[in-house]
file protein38.cif (mmCIF, N, CA and C atoms)
data_start
#
loop_
_atom_site.label_atom_id
_atom_site.label_comp_id
_atom_site.auth_asym_id
_atom_site.auth_seq_id
_atom_site.Cartn_x
_atom_site.Cartn_y
_atom_site.Cartn_z
N MET A 1 0.80 -1.20 0.00
CA MET A 1 0.00 0.00 0.00
C MET A 1 0.84 1.27 0.00
N SER A 2 2.14 1.17 0.23
CA SER A 2 2.97 2.36 0.29
C SER A 2 2.96 3.11 -1.04
N ASP A 3 2.91 2.41 -2.18
CA ASP A 3 2.85 3.08 -3.47
C ASP A 3 1.57 3.88 -3.60
N PHE A 4 0.46 3.31 -3.11
CA PHE A 4 -0.83 4.01 -3.19
C PHE A 4 -0.79 5.27 -2.33
N THR A 5 -0.21 5.19 -1.14
CA THR A 5 -0.08 6.35 -0.27
C THR A 5 0.74 7.43 -0.95
N TYR A 6 1.81 7.04 -1.61
CA TYR A 6 2.64 8.00 -2.33
C TYR A 6 1.81 8.72 -3.38
N GLU A 7 1.01 7.98 -4.13
CA GLU A 7 0.17 8.59 -5.15
C GLU A 7 -0.80 9.59 -4.53
N LEU A 8 -1.40 9.24 -3.40
CA LEU A 8 -2.32 10.16 -2.76
C LEU A 8 -1.62 11.45 -2.35
N GLU A 9 -0.43 11.33 -1.79
CA GLU A 9 0.32 12.52 -1.37
C GLU A 9 0.69 13.38 -2.58
N GLU A 10 1.01 12.75 -3.68
CA GLU A 10 1.39 13.48 -4.88
C GLU A 10 0.23 14.30 -5.43
N PHE A 11 -0.99 13.83 -5.24
CA PHE A 11 -2.17 14.49 -5.79
C PHE A 11 -3.03 15.13 -4.71
N THR A 12 -2.42 15.61 -3.66
CA THR A 12 -3.17 16.26 -2.58
C THR A 12 -4.00 17.38 -3.18
N GLY A 13 -5.27 17.41 -2.81
CA GLY A 13 -6.19 18.43 -3.32
C GLY A 13 -6.93 18.01 -4.58
N THR A 14 -6.52 16.91 -5.20
CA THR A 14 -7.18 16.41 -6.40
C THR A 14 -8.27 15.44 -5.97
N PRO A 15 -9.51 15.64 -6.44
CA PRO A 15 -10.57 14.69 -6.07
C PRO A 15 -10.28 13.29 -6.61
N LEU A 16 -10.26 12.31 -5.73
CA LEU A 16 -10.08 10.92 -6.11
C LEU A 16 -11.32 10.13 -5.72
N PHE A 17 -11.71 9.21 -6.56
CA PHE A 17 -12.86 8.36 -6.30
C PHE A 17 -12.47 6.91 -6.49
N ILE A 18 -13.12 6.04 -5.76
CA ILE A 18 -13.05 4.60 -6.01
C ILE A 18 -14.32 4.26 -6.79
N VAL A 19 -14.14 3.65 -7.95
CA VAL A 19 -15.27 3.29 -8.81
C VAL A 19 -15.41 1.78 -8.81
N LEU A 20 -16.57 1.31 -8.38
CA LEU A 20 -16.81 -0.13 -8.35
C LEU A 20 -17.08 -0.64 -9.76
N THR A 21 -16.49 -1.79 -10.06
CA THR A 21 -16.62 -2.42 -11.36
C THR A 21 -18.07 -2.81 -11.62
N THR A 22 -18.49 -2.69 -12.87
CA THR A 22 -19.86 -3.04 -13.23
C THR A 22 -20.06 -4.55 -13.20
N HIS A 23 -21.31 -4.92 -13.03
CA HIS A 23 -21.71 -6.32 -13.09
C HIS A 23 -21.48 -6.82 -14.51
N ILE A 24 -20.96 -8.01 -14.62
CA ILE A 24 -20.86 -8.64 -15.93
C ILE A 24 -21.41 -10.04 -15.83
N ASN A 25 -21.35 -10.77 -16.91
CA ASN A 25 -22.01 -12.08 -16.97
C ASN A 25 -21.70 -12.95 -15.76
N GLU A 26 -22.52 -13.95 -15.58
CA GLU A 26 -22.46 -14.80 -14.40
C GLU A 26 -21.12 -15.51 -14.22
N THR A 27 -20.42 -15.79 -15.31
CA THR A 27 -19.15 -16.53 -15.18
C THR A 27 -18.08 -15.71 -14.46
N ARG A 28 -18.19 -14.40 -14.47
CA ARG A 28 -17.20 -13.54 -13.83
C ARG A 28 -17.75 -12.79 -12.62
N LYS A 29 -18.97 -13.06 -12.25
CA LYS A 29 -19.64 -12.31 -11.19
C LYS A 29 -18.87 -12.36 -9.87
N ASN A 30 -18.45 -13.55 -9.45
CA ASN A 30 -17.75 -13.67 -8.16
C ASN A 30 -16.46 -12.88 -8.13
N ARG A 31 -15.73 -12.90 -9.24
CA ARG A 31 -14.48 -12.14 -9.32
C ARG A 31 -14.74 -10.64 -9.17
N VAL A 32 -15.82 -10.17 -9.77
CA VAL A 32 -16.18 -8.75 -9.68
C VAL A 32 -16.57 -8.39 -8.24
N ILE A 33 -17.32 -9.24 -7.60
CA ILE A 33 -17.73 -9.00 -6.21
C ILE A 33 -16.51 -8.92 -5.30
N ILE A 34 -15.56 -9.83 -5.46
CA ILE A 34 -14.34 -9.82 -4.65
C ILE A 34 -13.54 -8.55 -4.90
N ARG A 35 -13.40 -8.16 -6.16
CA ARG A 35 -12.66 -6.95 -6.52
C ARG A 35 -13.32 -5.70 -5.92
N ASN A 36 -14.63 -5.65 -6.01
CA ASN A 36 -15.34 -4.49 -5.47
C ASN A 36 -15.24 -4.43 -3.95
N LYS A 37 -15.24 -5.58 -3.30
CA LYS A 37 -15.07 -5.59 -1.84
C LYS A 37 -13.71 -5.03 -1.46
N ALA A 38 -12.68 -5.42 -2.20
CA ALA A 38 -11.34 -4.88 -1.94
C ALA A 38 -11.30 -3.38 -2.18
N ALA A 39 -11.96 -2.93 -3.23
CA ALA A 39 -12.01 -1.50 -3.54
C ALA A 39 -12.71 -0.73 -2.42
N LEU A 40 -13.77 -1.28 -1.88
CA LEU A 40 -14.48 -0.63 -0.77
C LEU A 40 -13.60 -0.54 0.47
N GLU A 41 -12.79 -1.57 0.70
CA GLU A 41 -11.87 -1.53 1.84
C GLU A 41 -10.84 -0.42 1.67
N VAL A 42 -10.33 -0.23 0.47
CA VAL A 42 -9.38 0.86 0.20
C VAL A 42 -10.07 2.21 0.40
N ALA A 43 -11.29 2.34 -0.12
CA ALA A 43 -12.03 3.59 0.04
C ALA A 43 -12.23 3.93 1.51
N GLU A 44 -12.61 2.94 2.29
CA GLU A 44 -12.82 3.16 3.72
C GLU A 44 -11.51 3.52 4.42
N ARG A 45 -10.47 2.81 4.08
CA ARG A 45 -9.17 3.05 4.73
C ARG A 45 -8.66 4.47 4.49
N TYR A 46 -8.86 4.97 3.28
CA TYR A 46 -8.32 6.28 2.92
C TYR A 46 -9.38 7.39 2.88
N GLY A 47 -10.61 7.06 3.25
CA GLY A 47 -11.67 8.06 3.29
C GLY A 47 -12.03 8.60 1.91
N LEU A 48 -12.01 7.72 0.90
CA LEU A 48 -12.31 8.14 -0.46
C LEU A 48 -13.77 7.89 -0.80
N PRO A 49 -14.38 8.79 -1.56
CA PRO A 49 -15.76 8.56 -1.98
C PRO A 49 -15.83 7.43 -3.01
N VAL A 50 -16.98 6.79 -3.06
CA VAL A 50 -17.19 5.64 -3.94
C VAL A 50 -18.27 5.97 -4.97
N ILE A 51 -18.01 5.58 -6.22
CA ILE A 51 -19.03 5.61 -7.26
C ILE A 51 -19.40 4.16 -7.51
N ASP A 52 -20.63 3.81 -7.15
CA ASP A 52 -21.08 2.41 -7.21
C ASP A 52 -21.73 2.10 -8.55
N LEU A 53 -20.90 1.79 -9.54
CA LEU A 53 -21.43 1.42 -10.85
C LEU A 53 -21.94 -0.02 -10.87
N TYR A 54 -21.50 -0.81 -9.90
CA TYR A 54 -21.97 -2.20 -9.82
C TYR A 54 -23.49 -2.23 -9.62
N SER A 55 -23.98 -1.45 -8.66
CA SER A 55 -25.42 -1.42 -8.40
C SER A 55 -26.20 -0.86 -9.58
N VAL A 56 -25.66 0.18 -10.20
CA VAL A 56 -26.33 0.77 -11.37
C VAL A 56 -26.41 -0.27 -12.49
N ALA A 57 -25.33 -1.01 -12.69
CA ALA A 57 -25.32 -2.04 -13.73
C ALA A 57 -26.34 -3.14 -13.43
N LEU A 58 -26.45 -3.54 -12.16
CA LEU A 58 -27.44 -4.57 -11.81
C LEU A 58 -28.86 -4.07 -12.07
N GLU A 59 -29.11 -2.82 -11.71
CA GLU A 59 -30.44 -2.24 -11.92
C GLU A 59 -30.77 -2.09 -13.40
N ASN A 60 -29.75 -2.01 -14.22
CA ASN A 60 -29.94 -1.79 -15.65
C ASN A 60 -29.44 -2.96 -16.49
N ALA A 61 -29.47 -4.15 -15.91
CA ALA A 61 -28.96 -5.34 -16.60
C ALA A 61 -29.70 -5.62 -17.90
N HIS A 62 -30.93 -5.13 -18.00
CA HIS A 62 -31.70 -5.34 -19.23
C HIS A 62 -31.09 -4.60 -20.42
N PHE A 63 -30.12 -3.71 -20.17
CA PHE A 63 -29.43 -3.00 -21.24
C PHE A 63 -28.13 -3.70 -21.67
N LEU A 64 -27.83 -4.86 -21.07
CA LEU A 64 -26.64 -5.61 -21.45
C LEU A 64 -26.86 -6.37 -22.75
N ASP A 65 -25.78 -6.57 -23.51
CA ASP A 65 -25.88 -7.36 -24.73
C ASP A 65 -26.03 -8.84 -24.39
N GLU A 66 -26.14 -9.66 -25.41
CA GLU A 66 -26.35 -11.10 -25.20
C GLU A 66 -25.23 -11.76 -24.41
N GLY A 67 -24.01 -11.27 -24.54
CA GLY A 67 -22.88 -11.85 -23.81
C GLY A 67 -22.82 -11.41 -22.37
N GLY A 68 -23.64 -10.42 -22.01
CA GLY A 68 -23.69 -9.94 -20.63
C GLY A 68 -22.51 -9.08 -20.22
N ILE A 69 -21.83 -8.48 -21.20
CA ILE A 69 -20.66 -7.66 -20.88
C ILE A 69 -20.86 -6.20 -21.27
N HIS A 70 -21.27 -5.95 -22.49
CA HIS A 70 -21.39 -4.58 -23.00
C HIS A 70 -22.82 -4.06 -22.90
N PHE A 71 -22.93 -2.77 -22.64
CA PHE A 71 -24.23 -2.13 -22.52
C PHE A 71 -24.65 -1.48 -23.83
N SER A 72 -25.93 -1.28 -23.98
CA SER A 72 -26.45 -0.48 -25.08
C SER A 72 -26.16 0.99 -24.76
N ALA A 73 -26.47 1.88 -25.69
CA ALA A 73 -26.25 3.31 -25.47
C ALA A 73 -27.00 3.78 -24.23
N GLU A 74 -28.20 3.30 -24.02
CA GLU A 74 -28.99 3.70 -22.85
C GLU A 74 -28.35 3.20 -21.56
N GLY A 75 -27.80 2.00 -21.58
CA GLY A 75 -27.12 1.47 -20.41
C GLY A 75 -25.90 2.31 -20.05
N TYR A 76 -25.11 2.68 -21.06
CA TYR A 76 -23.94 3.53 -20.80
C TYR A 76 -24.38 4.91 -20.32
N LYS A 77 -25.51 5.38 -20.80
CA LYS A 77 -26.03 6.67 -20.33
C LYS A 77 -26.34 6.61 -18.84
N GLN A 78 -26.90 5.50 -18.38
CA GLN A 78 -27.21 5.35 -16.95
C GLN A 78 -25.94 5.32 -16.11
N LEU A 79 -24.91 4.65 -16.61
CA LEU A 79 -23.64 4.61 -15.89
C LEU A 79 -23.01 6.01 -15.84
N ALA A 80 -23.05 6.73 -16.95
CA ALA A 80 -22.50 8.09 -16.98
C ALA A 80 -23.26 9.01 -16.04
N LYS A 81 -24.57 8.85 -16.00
CA LYS A 81 -25.40 9.67 -15.11
C LYS A 81 -24.98 9.48 -13.66
N LYS A 82 -24.72 8.24 -13.26
CA LYS A 82 -24.29 7.96 -11.89
C LYS A 82 -22.94 8.62 -11.60
N ASN A 83 -22.02 8.56 -12.55
CA ASN A 83 -20.72 9.21 -12.38
C ASN A 83 -20.90 10.71 -12.14
N VAL A 84 -21.67 11.34 -12.98
CA VAL A 84 -21.88 12.79 -12.87
C VAL A 84 -22.57 13.13 -11.54
N GLU A 85 -23.59 12.38 -11.18
CA GLU A 85 -24.30 12.65 -9.92
C GLU A 85 -23.36 12.56 -8.72
N ARG A 86 -22.57 11.50 -8.67
CA ARG A 86 -21.69 11.27 -7.51
C ARG A 86 -20.57 12.31 -7.45
N ILE A 87 -20.00 12.64 -8.60
CA ILE A 87 -18.94 13.65 -8.62
C ILE A 87 -19.51 15.00 -8.20
N THR A 88 -20.68 15.35 -8.68
CA THR A 88 -21.32 16.62 -8.32
C THR A 88 -21.66 16.68 -6.85
N GLU A 89 -22.13 15.57 -6.28
CA GLU A 89 -22.42 15.52 -4.85
C GLU A 89 -21.16 15.76 -4.02
N THR A 90 -20.06 15.18 -4.46
CA THR A 90 -18.82 15.19 -3.70
C THR A 90 -18.00 16.47 -3.93
N VAL A 91 -18.02 16.97 -5.15
CA VAL A 91 -17.22 18.15 -5.50
C VAL A 91 -18.13 19.13 -6.26
N PRO A 92 -19.07 19.78 -5.56
CA PRO A 92 -20.05 20.64 -6.24
C PRO A 92 -19.43 21.83 -6.97
N GLU A 93 -18.25 22.26 -6.55
CA GLU A 93 -17.63 23.42 -7.19
C GLU A 93 -17.15 23.12 -8.61
N LEU A 94 -17.16 21.87 -9.02
CA LEU A 94 -16.78 21.54 -10.39
C LEU A 94 -17.82 22.00 -11.41
N ASN A 95 -19.07 22.11 -11.00
CA ASN A 95 -20.14 22.58 -11.89
C ASN A 95 -20.15 21.83 -13.22
N ILE A 96 -20.19 20.52 -13.17
CA ILE A 96 -20.14 19.75 -14.41
C ILE A 96 -21.51 19.52 -15.02
N LEU A 97 -22.55 19.94 -14.36
CA LEU A 97 -23.90 19.77 -14.95
C LEU A 97 -24.31 21.00 -15.70
#

call {"tool": "encode", "arguments": {"input": "protein38.cif", "output": "structure tokens"}}
result
Amino acid sequence: MSDFTYELEEFTGTPLFIVLTTHINETRKNRVIIRNKAALEVAERYGLPVIDLYSVALENAHFLDEGGIHFSAEGYKQLAKKNVERITETVPELNIL
């Protein structure tokens, strides 16, 4: 973790977010859950805000292609909307809306 701490010190004052990986097909679901759990632990340890794209992807799974990996344009729009909402909540002075 020392490398990660170095990166945080280098970017003091820069908004950093932990972004949870989106849900993908069932064959990789467990790997994604484990990765997201680790990401949440890092966020908690360093007090970083989280953008939960995993939950958004689950709620919008009907926008996934047949392989269960890629989203349609509407699915990607929902993911982008969550990014913008969370960044705006956390850093309102950015005025990205």

call {"tool": "select_by_dssp", "arguments": {"input": "protein38.cif", "residues": "chain A", "states": "alpha helix (DSSP H)", "output": "PyMOL selection string"}}
result
chain A and resi 2-10+29-46+53-59+73-90

call {"tool": "closest_residue", "arguments": {"input": "protein38.cif", "among": "A:Ile69, A:Val91, A:Val42, A:Leu58", "to": "Glu26 (chain A)", "atoms": "only N, CA and C atoms"}}
result
A:Ile69

call {"tool": "select_by_dssp", "arguments": {"input": "protein38.cif", "residues": "chain A", "states": "strand (DSSP E or B)", "output": "list in words"}}
result
Ile18, Val19, Leu20, Val50, Ile51, Asp52, Leu64 and Phe71 of chain A

call {"tool": "resolve_selection", "arguments": {"input": "protein38.cif", "expression": "the PyMOL selection byres ((chain A and resi 17) around 7)", "output": "PyMOL selection string"}}
result
chain A and resi 15-16+18-19+48-51

call {"tool": "closest_residue", "arguments": {"input": "protein38.cif", "among": "A:Ile33, A:Ala57, A:Ile24, A:Arg86", "to": "Glu74 (chain A)", "atoms": "only C-alpha atoms"}}
result
A:Ala57

call {"tool": "residues_around", "arguments": {"input": "protein38.cif", "residues": "Arg35 (chain A)", "least_positions_apart": "6", "cutoff": "12 Å", "atoms": "only C-alpha atoms", "output": "list in words"}}
result
Ile18, Val19, Leu20, Thr21, Thr22, His23, Arg28, Lys29, Glu41, Val42 and Tyr54 of chain A

call {"tool": "atom_distance", "arguments": {"input": "protein38.cif", "atom1": "CA of Asn60 (chain A)", "atom2": "atom C of Ala43 (chain A)"}}
result
25.3 Å

call {"tool": "resolve_selection", "arguments": {"input": "protein38.cif", "expression": "the PyMOL selection byres (((chain A and resi 81 and name CA) around 12) and name CA)", "output": "PDB file with N, CA and C atoms, keeping the file's coordinate frame"}}
result
ATOM      1  N   ILE A  51     -18.010   5.580  -6.220  1.00  0.00           N
ATOM      2  CA  ILE A  51     -19.030   5.610  -7.260  1.00  0.00           C
ATOM      3  C   ILE A  51     -19.400   4.160  -7.510  1.00  0.00           C
ATOM      4  N   ASP A  52     -20.630   3.810  -7.150  1.00  0.00           N
ATOM      5  CA  ASP A  52     -21.080   2.410  -7.210  1.00  0.00           C
ATOM      6  C   ASP A  52     -21.730   2.100  -8.550  1.00  0.00           C
ATOM      7  N   LEU A  53     -20.900   1.790  -9.540  1.00  0.00           N
ATOM      8  CA  LEU A  53     -21.430   1.420 -10.850  1.00  0.00           C
ATOM      9  C   LEU A  53     -21.940  -0.020 -10.870  1.00  0.00           C
ATOM     10  N   VAL A  56     -25.660   0.180 -10.200  1.00  0.00           N
ATOM     11  CA  VAL A  56     -26.330   0.770 -11.370  1.00  0.00           C
ATOM     12  C   VAL A  56     -26.410  -0.270 -12.490  1.00  0.00           C
ATOM     13  N   ALA A  57     -25.330  -1.010 -12.690  1.00  0.00           N
ATOM     14  CA  ALA A  57     -25.320  -2.040 -13.730  1.00  0.00           C
ATOM     15  C   ALA A  57     -26.340  -3.140 -13.430  1.00  0.00           C
ATOM     16  N   GLU A  74     -28.200   3.300 -24.020  1.00  0.00           N
ATOM     17  CA  GLU A  74     -28.990   3.700 -22.850  1.00  0.00           C
ATOM     18  C   GLU A  74     -28.350   3.200 -21.560  1.00  0.00           C
ATOM     19  N   GLY A  75     -27.800   2.000 -21.580  1.00  0.00           N
ATOM     20  CA  GLY A  75     -27.120   1.470 -20.410  1.00  0.00           C
ATOM     21  C   GLY A  75     -25.900   2.310 -20.050  1.00  0.00           C
ATOM     22  N   TYR A  76     -25.110   2.680 -21.060  1.00  0.00           N
ATOM     23  CA  TYR A  76     -23.940   3.530 -20.800  1.00  0.00           C
ATOM     24  C   TYR A  76     -24.380   4.910 -20.320  1.00  0.00           C
ATOM     25  N   LYS A  77     -25.510   5.380 -20.800  1.00  0.00           N
ATOM     26  CA  LYS A  77     -26.030   6.670 -20.330  1.00  0.00           C
ATOM     27  C   LYS A  77     -26.340   6.610 -18.840  1.00  0.00           C
ATOM     28  N   GLN A  78     -26.900   5.500 -18.380  1.00  0.00           N
ATOM     29  CA  GLN A  78     -27.210   5.350 -16.950  1.00  0.00           C
ATOM     30  C   GLN A  78     -25.940   5.320 -16.110  1.00  0.00           C
ATOM     31  N   LEU A  79     -24.910   4.650 -16.610  1.00  0.00           N
ATOM     32  CA  LEU A  79     -23.640   4.610 -15.890  1.00  0.00           C
ATOM     33  C   LEU A  79     -23.010   6.010 -15.840  1.00  0.00           C
ATOM     34  N   ALA A  80     -23.050   6.730 -16.950  1.00  0.00           N
ATOM     35  CA  ALA A  80     -22.500   8.090 -16.980  1.00  0.00           C
ATOM     36  C   ALA A  80     -23.260   9.010 -16.040  1.00  0.00           C
ATOM     37  N   LYS A  82     -24.720   8.240 -13.260  1.00  0.00           N
ATOM     38  CA  LYS A  82     -24.290   7.960 -11.890  1.00  0.00           C
ATOM     39  C   LYS A  82     -22.940   8.620 -11.600  1.00  0.00           C
ATOM     40  N   ASN A  83     -22.020   8.560 -12.550  1.00  0.00           N
ATOM     41  CA  ASN A  83     -20.720   9.210 -12.380  1.00  0.00           C
ATOM     42  C   ASN A  83     -20.900  10.710 -12.140  1.00  0.00           C
ATOM     43  N   VAL A  84     -21.670  11.340 -12.980  1.00  0.00           N
ATOM     44  CA  VAL A  84     -21.880  12.790 -12.870  1.00  0.00           C
ATOM     45  C   VAL A  84     -22.570  13.130 -11.540  1.00  0.00           C
ATOM     46  N   GLU A  85     -23.590  12.380 -11.180  1.00  0.00           N
ATOM     47  CA  GLU A  85     -24.300  12.650  -9.920  1.00  0.00           C
ATOM     48  C   GLU A  85     -23.360  12.560  -8.720  1.00  0.00           C
ATOM     49  N   ARG A  86     -22.570  11.500  -8.670  1.00  0.00           N
ATOM     50  CA  ARG A  86     -21.690  11.270  -7.510  1.00  0.00           C
ATOM     51  C   ARG A  86     -20.570  12.310  -7.450  1.00  0.00           C
ATOM     52  N   ILE A  87     -20.000  12.640  -8.600  1.00  0.00           N
ATOM     53  CA  ILE A  87     -18.940  13.650  -8.620  1.00  0.00           C
ATOM     54  C   ILE A  87     -19.510  15.000  -8.200  1.00  0.00           C
ATOM     55  N   THR A  88     -20.680  15.350  -8.680  1.00  0.00           N
ATOM     56  CA  THR A  88     -21.320  16.620  -8.320  1.00  0.00           C
ATOM     57  C   THR A  88     -21.660  16.680  -6.850  1.00  0.00           C
ATOM     58  N   ILE A  96     -20.190  20.520 -13.170  1.00  0.00           N
ATOM     59  CA  ILE A  96     -20.140  19.750 -14.410  1.00  0.00           C
ATOM     60  C   ILE A  96     -21.510  19.520 -15.020  1.00  0.00           C
ATOM     61  N   LEU A  97     -22.550  19.940 -14.360  1.00  0.00           N
ATOM     62  CA  LEU A  97     -23.900  19.770 -14.950  1.00  0.00           C
ATOM     63  C   LEU A  97     -24.310  21.000 -15.700  1.00  0.00           C
TER      64      LEU A  97
END

call {"tool": "atom_distance", "arguments": {"input": "protein38.cif", "atom1": "atom N of Glu44 (chain A)", "atom2": "atom N of Leu94 (chain A)"}}
result
22.5 Å
